[in-house]
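S.K.: My structure file work29.cif, mmCIF, C-alpha atoms, is below:
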```
data_model
loop_
_atom_site.group_PDB
_atom_site.id
_atom_site.type_symbol
_atom_site.label_atom_id
_atom_site.label_comp_id
_atom_site.auth_asym_id
_atom_site.auth_seq_id
_atom_site.Cartn_x
_atom_site.Cartn_y
_atom_site.Cartn_z
ATOM 1 C CA MET V 1 0.000 0.000 0.000
ATOM 2 C CA SER V 2 1.161 3.547 -0.737
ATOM 3 C CA LYS V 3 1.598 6.109 2.019
ATOM 4 C CA SER V 4 -1.544 7.974 0.936
ATOM 5 C CA GLU V 5 -3.635 4.777 1.139
ATOM 6 C CA PHE V 6 -2.356 4.185 4.660
ATOM 7 C CA LYS V 7 -3.506 7.646 5.745
ATOM 8 C CA LEU V 8 -6.417 7.755 8.192
ATOM 9 C CA SER V 9 -9.359 10.113 8.258
ATOM 10 C CA ARG V 10 -10.418 11.756 11.505
ATOM 11 C CA TYR V 11 -13.168 9.188 11.968
ATOM 12 C CA GLU V 12 -10.772 6.299 11.282
ATOM 13 C CA LYS V 13 -8.193 7.650 13.749
ATOM 14 C CA LYS V 14 -10.853 7.752 16.454
ATOM 15 C CA MET V 15 -11.898 4.219 15.533
ATOM 16 C CA MET V 16 -8.322 2.913 15.740
ATOM 17 C CA ARG V 17 -7.766 4.598 19.117
ATOM 18 C CA THR V 18 -10.915 2.959 20.459
ATOM 19 C CA LEU V 19 -9.818 -0.390 19.059
ATOM 20 C CA PHE V 20 -6.319 -0.007 20.539
ATOM 21 C CA TRP V 21 -7.458 0.815 24.084
ATOM 22 C CA ARG V 22 -10.237 -1.770 24.260
ATOM 23 C CA GLN V 23 -8.193 -4.677 22.852
ATOM 24 C CA ASN V 24 -5.938 -4.491 25.924
ATOM 25 C CA PHE V 25 -8.807 -6.157 27.835
ATOM 26 C CA LEU V 26 -9.190 -9.014 25.334
ATOM 27 C CA MET V 27 -7.987 -11.693 27.766
ATOM 28 C CA THR V 28 -10.315 -10.644 30.613
ATOM 29 C CA GLY V 29 -13.241 -12.357 28.882
ATOM 30 C CA ILE V 30 -11.469 -15.644 28.111
ATOM 31 C CA ASN V 31 -13.198 -18.971 28.809
ATOM 32 C CA TYR V 32 -12.720 -22.581 27.750
ATOM 33 C CA ILE V 33 -15.753 -22.602 25.463
ATOM 34 C CA ARG V 34 -15.080 -19.601 23.235
ATOM 35 C CA MET V 35 -11.577 -18.667 24.420
ATOM 36 C CA GLN V 36 -11.153 -14.994 23.360
ATOM 37 C CA GLY V 37 -14.530 -14.866 21.590
ATOM 38 C CA MET V 38 -16.386 -12.774 24.181
ATOM 39 C CA GLY V 39 -13.442 -10.399 24.595
ATOM 40 C CA TYR V 40 -13.265 -10.041 20.805
ATOM 41 C CA ALA V 41 -16.933 -9.038 20.584
ATOM 42 C CA TRP V 42 -16.614 -6.652 23.557
ATOM 43 C CA THR V 43 -13.578 -4.967 21.995
ATOM 44 C CA ILE V 44 -15.302 -4.052 18.729
ATOM 45 C CA LYS V 45 -18.780 -3.587 20.266
ATOM 46 C CA PRO V 46 -18.916 0.258 20.101
ATOM 47 C CA LEU V 47 -17.499 0.194 16.572
ATOM 48 C CA LEU V 48 -20.145 -2.277 15.413
ATOM 49 C CA LYS V 49 -22.754 0.015 16.978
ATOM 50 C CA LYS V 50 -21.572 2.826 14.688
ATOM 51 C CA ILE V 51 -21.512 0.581 11.627
ATOM 52 C CA TYR V 52 -25.006 -0.890 12.093
ATOM 53 C CA LYS V 53 -27.884 1.525 12.648
ATOM 54 C CA ASN V 54 -30.386 -1.330 12.555
ATOM 55 C CA GLU V 55 -30.558 -2.957 16.005
ATOM 56 C CA GLU V 56 -31.208 -6.461 14.675
ATOM 57 C CA GLU V 57 -28.181 -6.299 12.348
ATOM 58 C CA TYR V 58 -26.077 -4.958 15.223
ATOM 59 C CA TYR V 59 -26.956 -7.895 17.480
ATOM 60 C CA GLU V 60 -26.326 -10.342 14.637
ATOM 61 C CA ALA V 61 -22.861 -8.834 14.208
ATOM 62 C CA LEU V 62 -22.206 -9.117 17.958
ATOM 63 C CA LYS V 63 -23.279 -12.757 17.921
ATOM 64 C CA ARG V 64 -21.139 -13.426 14.858
ATOM 65 C CA ASN V 65 -18.056 -11.919 16.482
ATOM 66 C CA SER V 66 -18.433 -13.713 19.823
ATOM 67 C CA MET V 67 -17.758 -17.141 18.310
ATOM 68 C CA PHE V 68 -14.675 -19.208 19.211
ATOM 69 C CA PHE V 69 -11.467 -17.284 18.607
ATOM 70 C CA ASN V 70 -7.924 -17.625 19.908
ATOM 71 C CA THR V 71 -4.662 -16.054 18.789
ATOM 72 C CA THR V 72 -1.657 -14.166 20.174
ATOM 73 C CA PRO V 73 -3.085 -10.993 21.825
ATOM 74 C CA GLN V 74 -0.466 -8.735 20.231
ATOM 75 C CA MET V 75 -1.529 -9.891 16.756
ATOM 76 C CA VAL V 76 -5.287 -9.659 17.193
ATOM 77 C CA THR V 77 -5.825 -6.069 16.024
ATOM 78 C CA PHE V 78 -4.946 -6.866 12.404
ATOM 79 C CA ILE V 79 -7.770 -9.425 12.327
ATOM 80 C CA MET V 80 -10.086 -7.007 14.154
ATOM 81 C CA GLY V 81 -9.337 -4.251 11.650
ATOM 82 C CA LEU V 82 -10.048 -6.665 8.802
ATOM 83 C CA THR V 83 -13.273 -7.737 10.530
ATOM 84 C CA LEU V 84 -14.450 -4.141 10.839
ATOM 85 C CA SER V 85 -13.814 -3.455 7.160
ATOM 86 C CA MET V 86 -15.815 -6.582 6.251
ATOM 87 C CA GLU V 87 -18.631 -5.575 8.599
ATOM 88 C CA GLU V 88 -18.746 -2.138 6.934
ATOM 89 C CA GLU V 89 -18.917 -3.773 3.533
ATOM 90 C CA ASN V 90 -21.764 -5.971 4.776
ATOM 91 C CA ALA V 91 -23.656 -2.955 6.162
ATOM 92 C CA ASN V 92 -23.430 -1.214 2.771
ATOM 93 C CA SER V 93 -24.190 -4.230 0.577
ATOM 94 C CA ASN V 94 -27.994 -4.404 0.980
ATOM 95 C CA GLY V 95 -27.822 -8.041 2.077
ATOM 96 C CA GLU V 96 -25.612 -9.218 -0.798
ATOM 97 C CA PHE V 97 -22.485 -9.770 1.312
ATOM 98 C CA ASP V 98 -21.715 -13.312 2.526
ATOM 99 C CA THR V 99 -21.499 -12.878 6.305
ATOM 100 C CA ASP V 100 -20.123 -16.422 6.700
ATOM 101 C CA SER V 101 -16.908 -15.147 5.129
ATOM 102 C CA ILE V 102 -16.261 -12.926 8.167
ATOM 103 C CA ASN V 103 -15.895 -15.817 10.599
ATOM 104 C CA ALA V 104 -14.177 -17.947 7.968
ATOM 105 C CA VAL V 105 -11.447 -15.354 7.503
ATOM 106 C CA LYS V 106 -11.130 -14.865 11.279
ATOM 107 C CA VAL V 107 -10.730 -18.571 11.958
ATOM 108 C CA GLY V 108 -8.417 -19.002 8.994
ATOM 109 C CA LEU V 109 -6.080 -16.237 10.186
ATOM 110 C CA MET V 110 -6.028 -16.925 13.923
ATOM 111 C CA GLY V 111 -3.849 -20.043 13.593
ATOM 112 C CA PRO V 112 -1.054 -18.612 11.415
ATOM 113 C CA PHE V 113 -1.051 -15.366 13.417
ATOM 114 C CA ALA V 114 -0.840 -17.343 16.678
ATOM 115 C CA GLY V 115 2.124 -19.311 15.364
ATOM 116 C CA LEU V 116 3.886 -16.150 14.202
ATOM 117 C CA GLY V 117 3.033 -14.151 17.323
ATOM 118 C CA ASP V 118 3.920 -16.859 19.839
ATOM 119 C CA SER V 119 7.235 -17.530 18.111
ATOM 120 C CA PHE V 120 8.193 -13.848 18.121
ATOM 121 C CA PHE V 121 6.775 -12.584 21.429
ATOM 122 C CA SER V 122 7.009 -15.662 23.669
ATOM 123 C CA GLY V 123 9.846 -17.528 22.005
ATOM 124 C CA THR V 124 12.142 -14.674 20.975
ATOM 125 C CA LEU V 125 11.354 -11.198 22.327
ATOM 126 C CA ARG V 126 10.608 -12.404 25.863
ATOM 127 C CA ILE V 127 13.968 -14.209 26.018
ATOM 128 C CA ILE V 128 15.818 -11.138 24.738
ATOM 129 C CA ALA V 129 14.007 -8.864 27.214
ATOM 130 C CA THR V 130 14.780 -11.269 30.064
ATOM 131 C CA GLY V 131 18.447 -11.403 29.088
ATOM 132 C CA ILE V 132 18.651 -7.602 29.070
ATOM 133 C CA GLY V 133 16.915 -7.105 32.409
ATOM 134 C CA LEU V 134 18.092 -10.179 34.337
ATOM 135 C CA GLY V 135 21.666 -9.073 35.004
ATOM 136 C CA LEU V 136 20.557 -5.718 36.383
ATOM 137 C CA ALA V 137 17.778 -7.320 38.440
ATOM 138 C CA GLN V 138 20.213 -9.827 40.014
ATOM 139 C CA ALA V 139 22.458 -6.909 40.984
ATOM 140 C CA GLY V 140 19.491 -5.266 42.719
ATOM 141 C CA ASN V 141 19.132 -2.525 40.104
ATOM 142 C CA ILE V 142 15.541 -1.304 39.650
ATOM 143 C CA LEU V 143 16.275 -0.763 35.940
ATOM 144 C CA GLY V 144 16.197 -4.562 35.444
ATOM 145 C CA PRO V 145 12.419 -5.092 35.568
ATOM 146 C CA ILE V 146 11.798 -1.678 33.977
ATOM 147 C CA LEU V 147 13.962 -2.544 30.959
ATOM 148 C CA PHE V 148 12.290 -5.944 30.690
ATOM 149 C CA LEU V 149 8.834 -4.321 30.569
ATOM 150 C CA LEU V 150 9.926 -1.699 28.037
ATOM 151 C CA VAL V 151 11.743 -4.082 25.683
ATOM 152 C CA TYR V 152 8.922 -6.641 25.784
ATOM 153 C CA ASN V 153 5.913 -4.295 25.618
ATOM 154 C CA ILE V 154 6.899 -1.411 23.315
ATOM 155 C CA PRO V 155 7.034 -3.584 20.128
ATOM 156 C CA GLY V 156 3.787 -5.247 21.212
ATOM 157 C CA PHE V 157 1.913 -1.952 21.637
ATOM 158 C CA PHE V 158 3.309 -0.685 18.335
ATOM 159 C CA ILE V 159 2.037 -3.790 16.521
ATOM 160 C CA ARG V 160 -1.291 -3.656 18.386
ATOM 161 C CA TYR V 161 -2.030 -0.160 17.055
ATOM 162 C CA TYR V 162 -0.624 -0.284 13.528
ATOM 163 C CA GLY V 163 -1.797 -3.866 13.035
ATOM 164 C CA GLY V 164 -5.369 -2.616 13.390
ATOM 165 C CA VAL V 165 -4.713 0.228 10.951
ATOM 166 C CA LEU V 166 -3.146 -2.130 8.402
ATOM 167 C CA GLY V 167 -5.933 -4.711 8.699
ATOM 168 C CA TYR V 168 -8.642 -2.075 8.315
ATOM 169 C CA LYS V 169 -7.054 -0.293 5.364
ATOM 170 C CA LEU V 170 -6.204 -3.537 3.557
ATOM 171 C CA GLY V 171 -9.742 -4.749 4.085
ATOM 172 C CA SER V 172 -11.399 -1.559 2.896
ATOM 173 C CA LYS V 173 -9.264 -1.606 -0.264
ATOM 174 C CA TYR V 174 -9.529 -5.259 -1.284
ATOM 175 C CA ILE V 175 -12.742 -6.714 0.218
ATOM 176 C CA ARG V 176 -15.022 -4.847 -2.193
ATOM 177 C CA GLU V 177 -12.902 -5.811 -5.200
ATOM 178 C CA ALA V 178 -12.783 -9.419 -3.995
ATOM 179 C CA THR V 179 -16.571 -9.473 -3.548
ATOM 180 C CA GLU V 180 -17.272 -8.062 -6.999
ATOM 181 C CA SER V 181 -14.849 -10.441 -8.730
ATOM 182 C CA GLY V 182 -15.999 -13.527 -6.827
ATOM 183 C CA LEU V 183 -12.584 -13.914 -5.217
ATOM 184 C CA ILE V 184 -14.134 -13.614 -1.740
ATOM 185 C CA GLN V 185 -15.759 -17.038 -2.233
ATOM 186 C CA SER V 186 -12.358 -18.609 -2.897
ATOM 187 C CA ILE V 187 -10.872 -16.781 0.085
ATOM 188 C CA THR V 188 -13.724 -17.985 2.290
ATOM 189 C CA LYS V 189 -13.278 -21.591 1.173
ATOM 190 C CA ALA V 190 -9.489 -21.482 1.662
ATOM 191 C CA ALA V 191 -9.847 -19.822 5.057
ATOM 192 C CA SER V 192 -12.449 -22.404 6.118
ATOM 193 C CA ILE V 193 -10.135 -25.275 5.147
ATOM 194 C CA MET V 194 -7.230 -23.696 7.011
ATOM 195 C CA GLY V 195 -9.468 -23.028 10.011
ATOM 196 C CA LEU V 196 -10.599 -26.667 10.116
ATOM 197 C CA MET V 197 -6.967 -27.798 9.963
ATOM 198 C CA MET V 198 -6.082 -25.511 12.884
ATOM 199 C CA ILE V 199 -9.081 -26.699 14.935
ATOM 200 C CA GLY V 200 -8.012 -30.294 14.277
ATOM 201 C CA SER V 201 -4.450 -29.542 15.373
ATOM 202 C CA MET V 202 -5.674 -27.746 18.497
ATOM 203 C CA SER V 203 -7.924 -30.709 19.331
ATOM 204 C CA TYR V 204 -4.922 -33.037 19.256
ATOM 205 C CA GLN V 205 -2.639 -30.703 21.215
ATOM 206 C CA MET V 206 -5.052 -29.342 23.822
ATOM 207 C CA VAL V 207 -7.372 -32.320 24.488
ATOM 208 C CA LYS V 208 -5.491 -34.933 26.512
ATOM 209 C CA PHE V 209 -7.338 -38.228 26.208
ATOM 210 C CA SER V 210 -5.584 -41.581 25.969
ATOM 211 C CA THR V 211 -6.124 -45.075 27.320
ATOM 212 C CA THR V 212 -3.884 -47.073 29.658
ATOM 213 C CA PHE V 213 -5.769 -50.325 29.170
ATOM 214 C CA GLU V 214 -3.422 -53.311 28.812
ATOM 215 C CA ALA V 215 -4.113 -57.038 28.843
ATOM 216 C CA THR V 216 -2.560 -60.366 27.913
ATOM 217 C CA ILE V 217 -4.536 -62.191 25.237
ATOM 218 C CA GLY V 218 -3.388 -65.649 24.158
ATOM 219 C CA GLY V 219 0.028 -65.034 25.687
ATOM 220 C CA THR V 220 0.436 -61.768 23.749
ATOM 221 C CA ASP V 221 0.551 -58.367 25.377
ATOM 222 C CA PHE V 222 -2.255 -56.142 24.192
ATOM 223 C CA GLU V 223 -2.066 -52.331 24.508
ATOM 224 C CA LEU V 224 -5.246 -50.600 23.413
ATOM 225 C CA GLN V 225 -3.566 -47.201 22.866
ATOM 226 C CA LYS V 226 -1.045 -48.684 20.405
ATOM 227 C CA VAL V 227 -3.898 -50.256 18.441
ATOM 228 C CA LEU V 228 -5.764 -46.930 18.315
ATOM 229 C CA ASP V 229 -2.587 -45.088 17.270
ATOM 230 C CA SER V 230 -2.070 -47.590 14.448
ATOM 231 C CA ILE V 231 -5.565 -46.739 13.175
ATOM 232 C CA MET V 232 -5.205 -42.944 13.537
ATOM 233 C CA ILE V 233 -3.065 -40.950 15.947
ATOM 234 C CA GLY V 234 -5.245 -38.739 18.122
ATOM 235 C CA VAL V 235 -8.473 -40.608 17.381
ATOM 236 C CA LEU V 236 -9.643 -40.384 21.024
ATOM 237 C CA PRO V 237 -9.160 -36.586 21.411
ATOM 238 C CA LEU V 238 -10.819 -36.045 18.023
ATOM 239 C CA SER V 239 -13.737 -38.289 18.974
ATOM 240 C CA ALA V 240 -14.175 -36.418 22.266
ATOM 241 C CA VAL V 241 -14.250 -33.064 20.450
ATOM 242 C CA LEU V 242 -16.759 -34.348 17.859
ATOM 243 C CA VAL V 243 -19.053 -35.732 20.581
ATOM 244 C CA CYS V 244 -18.972 -32.370 22.390
ATOM 245 C CA PHE V 245 -19.677 -30.587 19.100
ATOM 246 C CA ILE V 246 -22.686 -32.820 18.390
ATOM 247 C CA LEU V 247 -24.043 -32.246 21.912
ATOM 248 C CA LEU V 248 -23.604 -28.469 21.565
ATOM 249 C CA SER V 249 -25.370 -28.536 18.180
ATOM 250 C CA LYS V 250 -28.276 -30.274 19.918
ATOM 251 C CA ARG V 251 -28.371 -27.346 22.408
ATOM 252 C CA VAL V 252 -27.057 -29.308 25.376
ATOM 253 C CA LYS V 253 -25.786 -26.774 27.930
ATOM 254 C CA PRO V 254 -21.970 -26.507 28.089
ATOM 255 C CA MET V 255 -22.058 -26.922 31.885
ATOM 256 C CA TYR V 256 -23.781 -30.309 31.534
ATOM 257 C CA ILE V 257 -21.134 -31.380 29.011
ATOM 258 C CA LEU V 258 -18.323 -30.323 31.388
ATOM 259 C CA PHE V 259 -19.852 -32.263 34.279
ATOM 260 C CA GLY V 260 -20.322 -35.265 31.974
ATOM 261 C CA ILE V 261 -16.631 -35.149 30.991
ATOM 262 C CA ILE V 262 -15.565 -35.009 34.661
ATOM 263 C CA ILE V 263 -17.798 -37.958 35.625
ATOM 264 C CA LEU V 264 -16.743 -39.990 32.563
ATOM 265 C CA GLY V 265 -13.058 -39.315 33.364
ATOM 266 C CA LEU V 266 -13.508 -40.526 36.961
ATOM 267 C CA VAL V 267 -15.383 -43.670 35.892
ATOM 268 C CA LEU V 268 -12.838 -44.595 33.180
ATOM 269 C CA THR V 269 -9.960 -44.026 35.587
ATOM 270 C CA LEU V 270 -11.526 -46.209 38.284
ATOM 271 C CA LEU V 271 -12.127 -48.948 35.695
ATOM 272 C CA GLY V 272 -8.483 -48.757 34.633
ATOM 273 C CA VAL V 273 -9.280 -47.730 31.098
ATOM 274 C CA CYS V 274 -7.627 -44.322 31.433
ATOM 275 C CA GLY V 275 -5.227 -42.821 33.933
#
```
Represent the structure of the file as structure tokens.
M.R.:
Amino acid sequence: MSKSEFKLSRYEKKMMRTLFWRQNFLMTGINYIRMQGMGYAWTIKPLLKKIYKNEEEYYEALKRNSMFFNTTPQMVTFIMGLTLSMEEENANSNGEFDTDSINAVKVGLMGPFAGLGDSFFSGTLRIIATGIGLGLAQAGNILGPILFLLVYNIPGFFIRYYGGVLGYKLGSKYIREATESGLIQSITKAASIMGLMMIGSMSYQMVKFSTTFEATIGGTDFELQKVLDSIMIGVLPLSAVLVCFILLSKRVKPMYILFGIIILGLVLTLLGVCG
């Protein structure tokens, strides 16, 4: 983008300031059902209110943006800026915009941005900041923790603000062209595929479910987990996630599902199936 395209109007500057200050509270609304979803919706809530004058459309947008979402907090504003530009396009499209593309793009981007953000902020910048501040802190110098906070947070705040600007300006420039050319459908499909891949990976990494059942059958040692792994690695975590998804789609309350998981875990452990 050229420098002139990156320039913000007075209204856009106010919008980006609001986005910047509110996104700092993203993690206060985190839960194990929607992760950052509620914080995401709360962050852009006043901006959606300005975009949608119709109350029903406003609440639909809030509902749409409170779905499951999880990425590195420092990287989230780019996706939020892109979301806002897509919501504006939807508000001005007279119902012709595919609103499913908004969540598809969000879910498709959250995985790559989490990988990039975690690698840089947690895996690299935090180590550098610790190395800079640790020596001073061990010597009892107050500059140690201060330098750590400055080195770690200044790049993060810079990216938080200008990431939102970049996401919004990129979106406003290309979303309309992509919609008119039909490219948005391809983007939505690609983002959905990538999002499904990331959800599958997260299911395997975050859901810990394996069996410890072992037995001797016909003089041969039998380990159930090895048999399951030979069929498909991670089949139990994936099955657990799919069962929960089916129950949620049937409007079973999340609290009942959580209690069911706890009870099932206790029963399987006592029976020696898991542990």
S.K.: Output the residue selection produced by the PyMOL selection byres ((chain V and resi 147) around 10) on the file above, formatted as a list in words.
M.R.: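 Checked against the file, the PyMOL selection byres ((chain V and resi 147) around 10) matches Ala129, Thr130, Ile132, Gly133, Leu134, Leu136, Ala137, Ile142, Leu143, Gly144, Pro145, Ile146, Phe148, Leu149, Leu150, Val151, Tyr152 and Asn153 of chain V.
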S.K.: In terms of the shortest atom-to-atom distance over only C-alpha atoms, which of V:Ile79, V:Ile33, V:Val243, V:Leu258 is closest to Gly111 of chain V?
M.R.: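 With only C-alpha atoms as the atom set, the closest residue is V:Ile79.
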S.K.: When distances are computed from only C-alpha atoms, which of V:Gly272, V:Gly163, V:Gly171, V:Gly265 shows the smallest separation from Glu214 of chain V?
M.R.: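 So, comparing all the options, the nearest one is V:Gly272.
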S.K.: Compute the distance from (-10.8, 7.8, 11.5) to each atom, counting all atoms listed in the file, keep the residues with any atom at most 12 Å away, and return them as JSON, numbers by chain; use the coordinates of the file.
M.R.: {"V": [6, 7, 8, 9, 10, 11, 12, 13, 14, 15, 16, 17, 18, 19, 47, 164, 165, 168, 169]}
S.K.: How about saving the chosen residues, C-alpha atoms kept, as a short mmCIF file (atom, residue, chain, number, x, y, z; two decimals), in the coordinates of the input?
M.R.:
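Produced file part.cif, reproduced below:
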```cif
data_model
loop_
_atom_site.label_atom_id
_atom_site.label_comp_id
_atom_site.auth_asym_id
_atom_site.auth_seq_id
_atom_site.Cartn_x
_atom_site.Cartn_y
_atom_site.Cartn_z
CA PHE V 6 -2.36 4.18 4.66
CA LYS V 7 -3.51 7.65 5.74
CA LEU V 8 -6.42 7.76 8.19
CA SER V 9 -9.36 10.11 8.26
CA ARG V 10 -10.42 11.76 11.50
CA TYR V 11 -13.17 9.19 11.97
CA GLU V 12 -10.77 6.30 11.28
CA LYS V 13 -8.19 7.65 13.75
CA LYS V 14 -10.85 7.75 16.45
CA MET V 15 -11.90 4.22 15.53
CA MET V 16 -8.32 2.91 15.74
CA ARG V 17 -7.77 4.60 19.12
CA THR V 18 -10.92 2.96 20.46
CA LEU V 19 -9.82 -0.39 19.06
CA LEU V 47 -17.50 0.19 16.57
CA GLY V 164 -5.37 -2.62 13.39
CA VAL V 165 -4.71 0.23 10.95
CA TYR V 168 -8.64 -2.08 8.32
CA LYS V 169 -7.05 -0.29 5.36
#
```
S.K.: Tell me, as a list in words, which residues lie within 7 Å of segment 58-75 of chain V, counting all atoms listed in the file; anything in the same chain fewer than 6 positions away does not count.
M.R.: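 Neighbouring residues, sequence-local ones excluded: Arg34, Met35, Gln36, Gly37, Met38, Tyr40, Ala41, Lys45, Leu48, Lys49, Tyr52, Val107, Met110, Gly111, Phe113, Ala114, Gly117, Asp118, Gly156, Ile159 and Arg160 of chain V.
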S.K.: Please evaluate the PyMOL selection byres ((chain V and resi 24) around 10) against the structure above and give the resulting residues as a PyMOL selection string.
M.R.: chain V and resi 19-23+25-28+39+43+73-74+157+160
S.K.: Nearest residue to Ile193 of chain V out of V:Pro155, V:Gly135, V:Pro254, V:Gly108, using only C-alpha atoms?
M.R.: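 Smallest distance to Ile193 of chain V is found for V:Gly108.
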S.K.: What does the distance between atom CA of Glu57 of chain V and atom CA of Met80 of chain V come to in Å, to one decimal place?
M.R.: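 Going from atom CA of Glu57 of chain V over to atom CA of Met80 of chain V, I get 18.2 Å.
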S.K.: Excluding same-chain residues fewer than 4 positions from Ala91 of chain V, what lies within 8 Å of it counting only C-alpha atoms, as a list in words?
M.R.: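 The residues that qualify are Ile51, Tyr52, Glu87 and Gly95 of chain V.
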S.K.: Would you mind reading off the distance between atom CA of Ser203 of chain V and atom CA of Ser239 of chain V, one decimal, in Å?
M.R.: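 Atom CA of Ser239 of chain V lies 9.6 Å from atom CA of Ser203 of chain V.
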S.K.: On this file, the PyMOL selection byres ((chain V and resi 234-238) around 12) gives some set of residues; write that set as a VMD selection string.
M.R.: chain V and resid 199 to 211 224 to 233 239 to 245 274
S.K.: Compare V:Glu56, V:Phe97, V:Pro46, V:Phe121 by their minimum atom-to-atom distance to Ile154 of chain V, counting only C-alpha atoms, and give me the closest one.
M.R.: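 That would be V:Phe121, the residue with the smallest distance to Ile154 of chain V.
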S.K.: Smallest atom-to-atom distance to Tyr161 of chain V: which of V:Thr83, V:Asn94, V:Thr212, V:Thr77, using all atoms listed in the file?
M.R.: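 Going through V:Thr83, V:Asn94, V:Thr212, V:Thr77 one by one, the smallest distance to Tyr161 of chain V is for V:Thr77.
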S.K.: If you measure from atom CA of Tyr32 of chain V to atom CA of Glu55 of chain V, what distance in Å do you get, rounded to one decimal?
M.R.: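 It comes out at 29.0 Å.
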S.K.: Would you mind putting back N, CA and C atoms on segment 68-86 of chain V, then writing it out as an mmCIF file, in the frame of the given file?
M.R.:
```
data_model
loop_
_atom_site.group_PDB
_atom_site.id
_atom_site.type_symbol
_atom_site.label_atom_id
_atom_site.label_comp_id
_atom_site.auth_asym_id
_atom_site.auth_seq_id
_atom_site.Cartn_x
_atom_site.Cartn_y
_atom_site.Cartn_z
ATOM 1 N N PHE V 68 -15.998 -18.757 18.766
ATOM 2 C CA PHE V 68 -14.675 -19.208 19.211
ATOM 3 C C PHE V 68 -13.569 -18.483 18.448
ATOM 4 N N PHE V 69 -12.608 -17.981 19.211
ATOM 5 C CA PHE V 69 -11.467 -17.284 18.607
ATOM 6 C C PHE V 69 -10.294 -17.360 19.575
ATOM 7 N N ASN V 70 -9.103 -17.556 19.043
ATOM 8 C CA ASN V 70 -7.924 -17.625 19.908
ATOM 9 C C ASN V 70 -6.654 -17.388 19.096
ATOM 10 N N THR V 71 -5.937 -16.339 19.443
ATOM 11 C CA THR V 71 -4.662 -16.054 18.789
ATOM 12 C C THR V 71 -3.783 -15.266 19.749
ATOM 13 N N THR V 72 -2.554 -14.961 19.343
ATOM 14 C CA THR V 72 -1.657 -14.166 20.174
ATOM 15 C C THR V 72 -2.242 -12.766 20.352
ATOM 16 N N PRO V 73 -2.429 -12.290 21.595
ATOM 17 C CA PRO V 73 -3.085 -10.993 21.825
ATOM 18 C C PRO V 73 -2.454 -9.836 21.060
ATOM 19 N N GLN V 74 -1.134 -9.847 20.922
ATOM 20 C CA GLN V 74 -0.466 -8.735 20.231
ATOM 21 C C GLN V 74 -0.797 -8.690 18.740
ATOM 22 N N MET V 75 -1.268 -9.809 18.196
ATOM 23 C CA MET V 75 -1.529 -9.891 16.756
ATOM 24 C C MET V 75 -3.004 -9.707 16.409
ATOM 25 N N VAL V 76 -3.847 -9.583 17.423
ATOM 26 C CA VAL V 76 -5.287 -9.659 17.193
ATOM 27 C C VAL V 76 -5.845 -8.451 16.457
ATOM 28 N N THR V 77 -5.224 -7.273 16.599
ATOM 29 C CA THR V 77 -5.825 -6.069 16.024
ATOM 30 C C THR V 77 -5.858 -6.084 14.497
ATOM 31 N N PHE V 78 -4.898 -6.764 13.864
ATOM 32 C CA PHE V 78 -4.946 -6.866 12.404
ATOM 33 C C PHE V 78 -6.231 -7.567 11.979
ATOM 34 N N ILE V 79 -6.558 -8.671 12.659
ATOM 35 C CA ILE V 79 -7.770 -9.425 12.327
ATOM 36 C C ILE V 79 -9.003 -8.606 12.669
ATOM 37 N N MET V 80 -8.952 -7.866 13.781
ATOM 38 C CA MET V 80 -10.086 -7.007 14.154
ATOM 39 C C MET V 80 -10.307 -5.902 13.123
ATOM 40 N N GLY V 81 -9.217 -5.290 12.678
ATOM 41 C CA GLY V 81 -9.337 -4.251 11.650
ATOM 42 C C GLY V 81 -9.939 -4.800 10.373
ATOM 43 N N LEU V 82 -9.505 -6.002 9.989
ATOM 44 C CA LEU V 82 -10.048 -6.665 8.802
ATOM 45 C C LEU V 82 -11.526 -6.979 9.002
ATOM 46 N N THR V 83 -11.871 -7.442 10.205
ATOM 47 C CA THR V 83 -13.273 -7.737 10.530
ATOM 48 C C THR V 83 -14.144 -6.499 10.387
ATOM 49 N N LEU V 84 -13.672 -5.378 10.912
ATOM 50 C CA LEU V 84 -14.450 -4.141 10.839
ATOM 51 C C LEU V 84 -14.677 -3.695 9.401
ATOM 52 N N SER V 85 -13.656 -3.847 8.568
ATOM 53 C CA SER V 85 -13.814 -3.455 7.160
ATOM 54 C C SER V 85 -14.830 -4.370 6.463
ATOM 55 N N MET V 86 -14.849 -5.649 6.830
ATOM 56 C CA MET V 86 -15.815 -6.582 6.251
ATOM 57 C C MET V 86 -17.220 -6.292 6.766
#
```
